[in-house]
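Asker: Pasting a structure here, questions to come.
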Amino acid sequence: MKVEKTVVIGFVLLLMTGCSSEKGKEQTAADGKVVAKEKSSGIAEVETMDLEPSVFSHNIVSNGRIRAARSVDLYFRNPDLVSEVFVHNGQRVAAGQVLAKLDSYKLNSRLRQQQSALEQAKLEMQDVLIGQGYDPSNLKAVPADVMHLARVKSGLESAEAALGETRRDIEEASLRAPFSGVVANVKARRHGMASSSDPVCRIIDNSSMEVEFPVLESELPLVKTGDKVEIAPFAGGESHSGSVNRINPLVDENGHVTVSATLSGAGGLVDGMNVRVKIERSVGERLVVPKSAVVLRNGRQVVFTFEDGKARWNYVTTGLENLDSYVIDEGLAAGQKVIVSGNVDLAHEAPVRLGHKSE
């Protein structure tokens, strides 16, 4: 019985010693709060980097839409029957190429009538000049005011104007491409009626494309004309680069400013295509850490540094960020060794060892 009591007492003492040891391993932050307990499984393994000023590229990411630098909807000026449509959607055309034609029977008939009316008016003018005592075969000798009066009285002025209008209508009965490009939105049909309010088709100059996208009002000071732009279509395909060329000086109701950028290539891009846009702009040298180095403790941002075999926590204030890094505005200094991995469960002044050679 005596031996059994000795074993029990020893076991209880061992438990008490273990609890006391665990309590002694509690870690306290700079604000005096107990923040974590060191794991008894061993010393944490971390990776570090030497913090030095480096050039930081700030990224602004947005969603945009591709626009052709030039595009236009084409209309027939006068409603009439469409006799021919020579193009289809997706067809490439050259500047001046005929796209569609109206039936010209009525126009040609009107042209012949007006040509006859013009000849009649010329005869009437000769009679007026003779009545004024001038030779109609020598018009240079007729004073300007007399000639003007004779033209108006004979109806020659109005006959020439009507004939010119008809010739213009005949010319515009053939719809031509104003510039080279691709045909889209063909709505006219052969033997259908053309309307002066509905476009026949659209011509898109896809040799030069732009992207239009919104940026937040707060990000506007970071965007300048000439900034590099990278775009990637949502539907997949080749990425393209370009540069900002216009910034609309107006903030909309959603707090956005519209920015446009020209693209250096147009291969694979279609007018209206949705794309992801990234603006990259260097803001000079800053203290930069990877995002993996920043963790949250007590609702604040913390970066652990490696000092004398221990992890020391530092409250930091971050500024600009891009896809993978933060700029440190306050809390760290150049030359410190920043822990960039293995820091998720670290406590203040926890013993650590380097898993890889620091940079």
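Numbering starts fresh at 1 for the residues of each chain in the structure tokens, the chains themselves are lettered A, B, ... in the order given, and ligands are numbered from 1 as they appear.
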Write out as number ranges by chain which residues come within 12 Å of A:Val340 when counting only C-alpha atoms, dropping same-chain ones fewer than 6 positions away.
Answerer: A: 45-51, 288-295, 302-306, 311, 325, 346, 354-356, 358-359
Asker: If you run DSSP on the backbone here, which positions in stretch 53-227 of chain A get strand (DSSP E or B)? Please write them as a ChimeraX atom specification.
Answerer: /A:53-74,81-85,92-93,98-102,174-176,181-184,193,201-216
Asker: Could you pull the residues within 9 Å of stretch 196-211 of chain A, counting only C-alpha atoms, minus those fewer than 6 positions along the same chain, as a VMD selection string?
Answerer: chain A and resid 64 to 79 89 93 99 to 100 175 177 to 189 231 242 259 to 267 269 to 271 275 277
Asker: Emit the selected residues as a compact mmCIF listing (two decimals), in the first residue's frame, including N, CA and C atoms.
Answerer:
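Writing the result to selection28.txt gives the following:
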```
# COMPACT_ATOMS: atom_id res chain seq x y z
N GLY A 64 -13.42 46.42 -68.21
CA GLY A 64 -13.65 47.38 -69.28
C GLY A 64 -14.30 46.75 -70.49
N ARG A 65 -14.51 47.58 -71.49
CA ARG A 65 -15.14 47.13 -72.74
C ARG A 65 -14.35 47.67 -73.92
N ILE A 66 -14.14 46.82 -74.90
CA ILE A 66 -13.39 47.19 -76.09
C ILE A 66 -14.26 48.06 -77.01
N ARG A 67 -13.67 49.13 -77.51
CA ARG A 67 -14.34 49.99 -78.48
C ARG A 67 -13.42 50.20 -79.68
N ALA A 68 -14.00 50.17 -80.86
CA ALA A 68 -13.22 50.51 -82.05
C ALA A 68 -12.95 52.00 -82.05
N ALA A 69 -11.75 52.37 -82.49
CA ALA A 69 -11.40 53.79 -82.54
C ALA A 69 -12.35 54.56 -83.46
N ARG A 70 -12.82 53.89 -84.53
CA ARG A 70 -13.80 54.49 -85.44
C ARG A 70 -14.89 53.49 -85.75
N SER A 71 -16.13 53.92 -85.65
CA SER A 71 -17.26 53.11 -86.10
C SER A 71 -18.41 54.05 -86.41
N VAL A 72 -19.25 53.66 -87.37
CA VAL A 72 -20.34 54.54 -87.77
C VAL A 72 -21.50 53.70 -88.30
N ASP A 73 -22.71 54.12 -87.96
CA ASP A 73 -23.92 53.54 -88.54
C ASP A 73 -24.24 54.29 -89.83
N LEU A 74 -24.56 53.54 -90.88
CA LEU A 74 -24.82 54.13 -92.20
C LEU A 74 -26.31 54.04 -92.54
N TYR A 75 -26.84 55.13 -93.09
CA TYR A 75 -28.27 55.23 -93.43
C TYR A 75 -28.43 55.65 -94.88
N PHE A 76 -29.54 55.25 -95.48
CA PHE A 76 -29.97 55.87 -96.73
C PHE A 76 -30.68 57.17 -96.37
N ARG A 77 -30.39 58.23 -97.10
CA ARG A 77 -30.97 59.53 -96.78
C ARG A 77 -32.45 59.58 -97.12
N ASN A 78 -32.84 58.86 -98.17
CA ASN A 78 -34.24 58.86 -98.60
C ASN A 78 -34.82 57.46 -98.53
N PRO A 79 -36.03 57.30 -98.01
CA PRO A 79 -36.65 55.97 -97.98
C PRO A 79 -37.05 55.53 -99.38
N ASN A 89 -22.58 40.44 -92.59
CA ASN A 89 -21.89 40.66 -91.32
C ASN A 89 -20.52 39.99 -91.30
N VAL A 93 -14.47 45.49 -95.87
CA VAL A 93 -14.69 46.33 -97.04
C VAL A 93 -13.66 47.44 -97.07
N LEU A 99 -21.98 49.31 -100.65
CA LEU A 99 -22.51 48.33 -99.71
C LEU A 99 -23.92 47.89 -100.07
N ALA A 100 -24.74 48.84 -100.53
CA ALA A 100 -26.14 48.55 -100.89
C ALA A 100 -26.63 49.63 -101.84
N LEU A 175 -25.01 53.28 -101.30
CA LEU A 175 -24.41 53.48 -99.98
C LEU A 175 -22.97 52.98 -100.01
N ALA A 177 -18.90 52.74 -98.19
CA ALA A 177 -18.15 52.71 -96.93
C ALA A 177 -17.30 53.97 -96.82
N PRO A 178 -17.43 54.73 -95.71
CA PRO A 178 -16.64 55.95 -95.56
C PRO A 178 -15.17 55.68 -95.25
N PHE A 179 -14.87 54.49 -94.74
CA PHE A 179 -13.48 54.08 -94.46
C PHE A 179 -13.42 52.56 -94.47
N SER A 180 -12.22 52.04 -94.52
CA SER A 180 -12.05 50.59 -94.54
C SER A 180 -12.38 50.01 -93.16
N GLY A 181 -12.98 48.82 -93.17
CA GLY A 181 -13.32 48.20 -91.90
C GLY A 181 -14.12 46.93 -92.09
N VAL A 182 -14.80 46.52 -91.01
CA VAL A 182 -15.60 45.31 -91.00
C VAL A 182 -17.07 45.68 -90.90
N VAL A 183 -17.91 44.97 -91.64
CA VAL A 183 -19.35 45.24 -91.65
C VAL A 183 -20.01 44.51 -90.48
N ALA A 184 -20.93 45.20 -89.81
CA ALA A 184 -21.68 44.61 -88.70
C ALA A 184 -23.11 45.12 -88.73
N ASN A 185 -24.01 44.39 -88.08
CA ASN A 185 -25.40 44.81 -87.92
C ASN A 185 -26.10 45.11 -89.26
N VAL A 186 -25.92 44.24 -90.23
CA VAL A 186 -26.62 44.44 -91.51
C VAL A 186 -28.11 44.19 -91.30
N LYS A 187 -28.92 45.24 -91.54
CA LYS A 187 -30.37 45.15 -91.34
C LYS A 187 -31.16 45.26 -92.63
N ALA A 188 -30.57 45.87 -93.64
CA ALA A 188 -31.28 46.04 -94.91
C ALA A 188 -31.41 44.69 -95.63
N ARG A 189 -32.52 44.50 -96.32
CA ARG A 189 -32.76 43.29 -97.09
C ARG A 189 -33.16 43.67 -98.51
N ILE A 231 -4.59 44.31 -70.92
CA ILE A 231 -5.98 43.82 -70.95
C ILE A 231 -6.00 42.34 -71.31
N GLY A 242 -1.30 48.48 -73.93
CA GLY A 242 -1.63 49.80 -74.47
C GLY A 242 -1.24 50.87 -73.48
N VAL A 259 -12.03 56.08 -67.96
CA VAL A 259 -10.68 56.20 -68.54
C VAL A 259 -10.66 55.40 -69.84
N SER A 260 -9.95 55.93 -70.84
CA SER A 260 -9.79 55.24 -72.12
C SER A 260 -8.31 55.02 -72.39
N ALA A 261 -8.02 53.91 -73.06
CA ALA A 261 -6.64 53.61 -73.41
C ALA A 261 -6.59 53.03 -74.82
N THR A 262 -5.61 53.43 -75.59
CA THR A 262 -5.40 52.86 -76.93
C THR A 262 -4.60 51.57 -76.78
N LEU A 263 -4.90 50.60 -77.64
CA LEU A 263 -4.23 49.31 -77.60
C LEU A 263 -3.28 49.19 -78.78
N SER A 264 -2.14 48.56 -78.54
CA SER A 264 -1.11 48.47 -79.57
C SER A 264 -1.44 47.43 -80.63
N GLY A 265 -2.33 46.50 -80.33
CA GLY A 265 -2.72 45.48 -81.30
C GLY A 265 -4.20 45.21 -81.20
N ALA A 266 -4.80 44.73 -82.29
CA ALA A 266 -6.24 44.49 -82.29
C ALA A 266 -6.58 43.04 -82.63
N GLY A 267 -5.57 42.19 -82.79
CA GLY A 267 -5.83 40.81 -83.15
C GLY A 267 -6.67 40.08 -82.11
N LEU A 269 -9.56 40.90 -81.00
CA LEU A 269 -10.46 41.78 -80.25
C LEU A 269 -11.67 42.16 -81.10
N VAL A 270 -12.82 42.24 -80.45
CA VAL A 270 -14.08 42.56 -81.12
C VAL A 270 -14.73 43.73 -80.41
N ASP A 271 -15.31 44.63 -81.19
CA ASP A 271 -16.00 45.79 -80.62
C ASP A 271 -17.07 45.33 -79.62
N VAL A 275 -13.44 42.87 -71.06
CA VAL A 275 -12.05 42.53 -70.74
C VAL A 275 -11.71 42.92 -69.30
N VAL A 277 -8.91 44.75 -67.08
CA VAL A 277 -7.92 45.80 -67.33
C VAL A 277 -7.03 45.96 -66.10
```
Asker: Under the rule that only C-alpha atoms are counted, which of A:Val55, A:His348, A:Arg190, A:Leu118 is the nearest residue to A:Phe86?
Answerer: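 Of A:Val55, A:His348, A:Arg190, A:Leu118, the one nearest A:Phe86, counting only C-alpha atoms, is A:Arg190.
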Asker: To one decimal in Å, tell me the separation between atom CA of A:Asp145 and atom CA of A:Lys122.
Answerer: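 Atom CA of A:Lys122 lies 17.1 Å from atom CA of A:Asp145.
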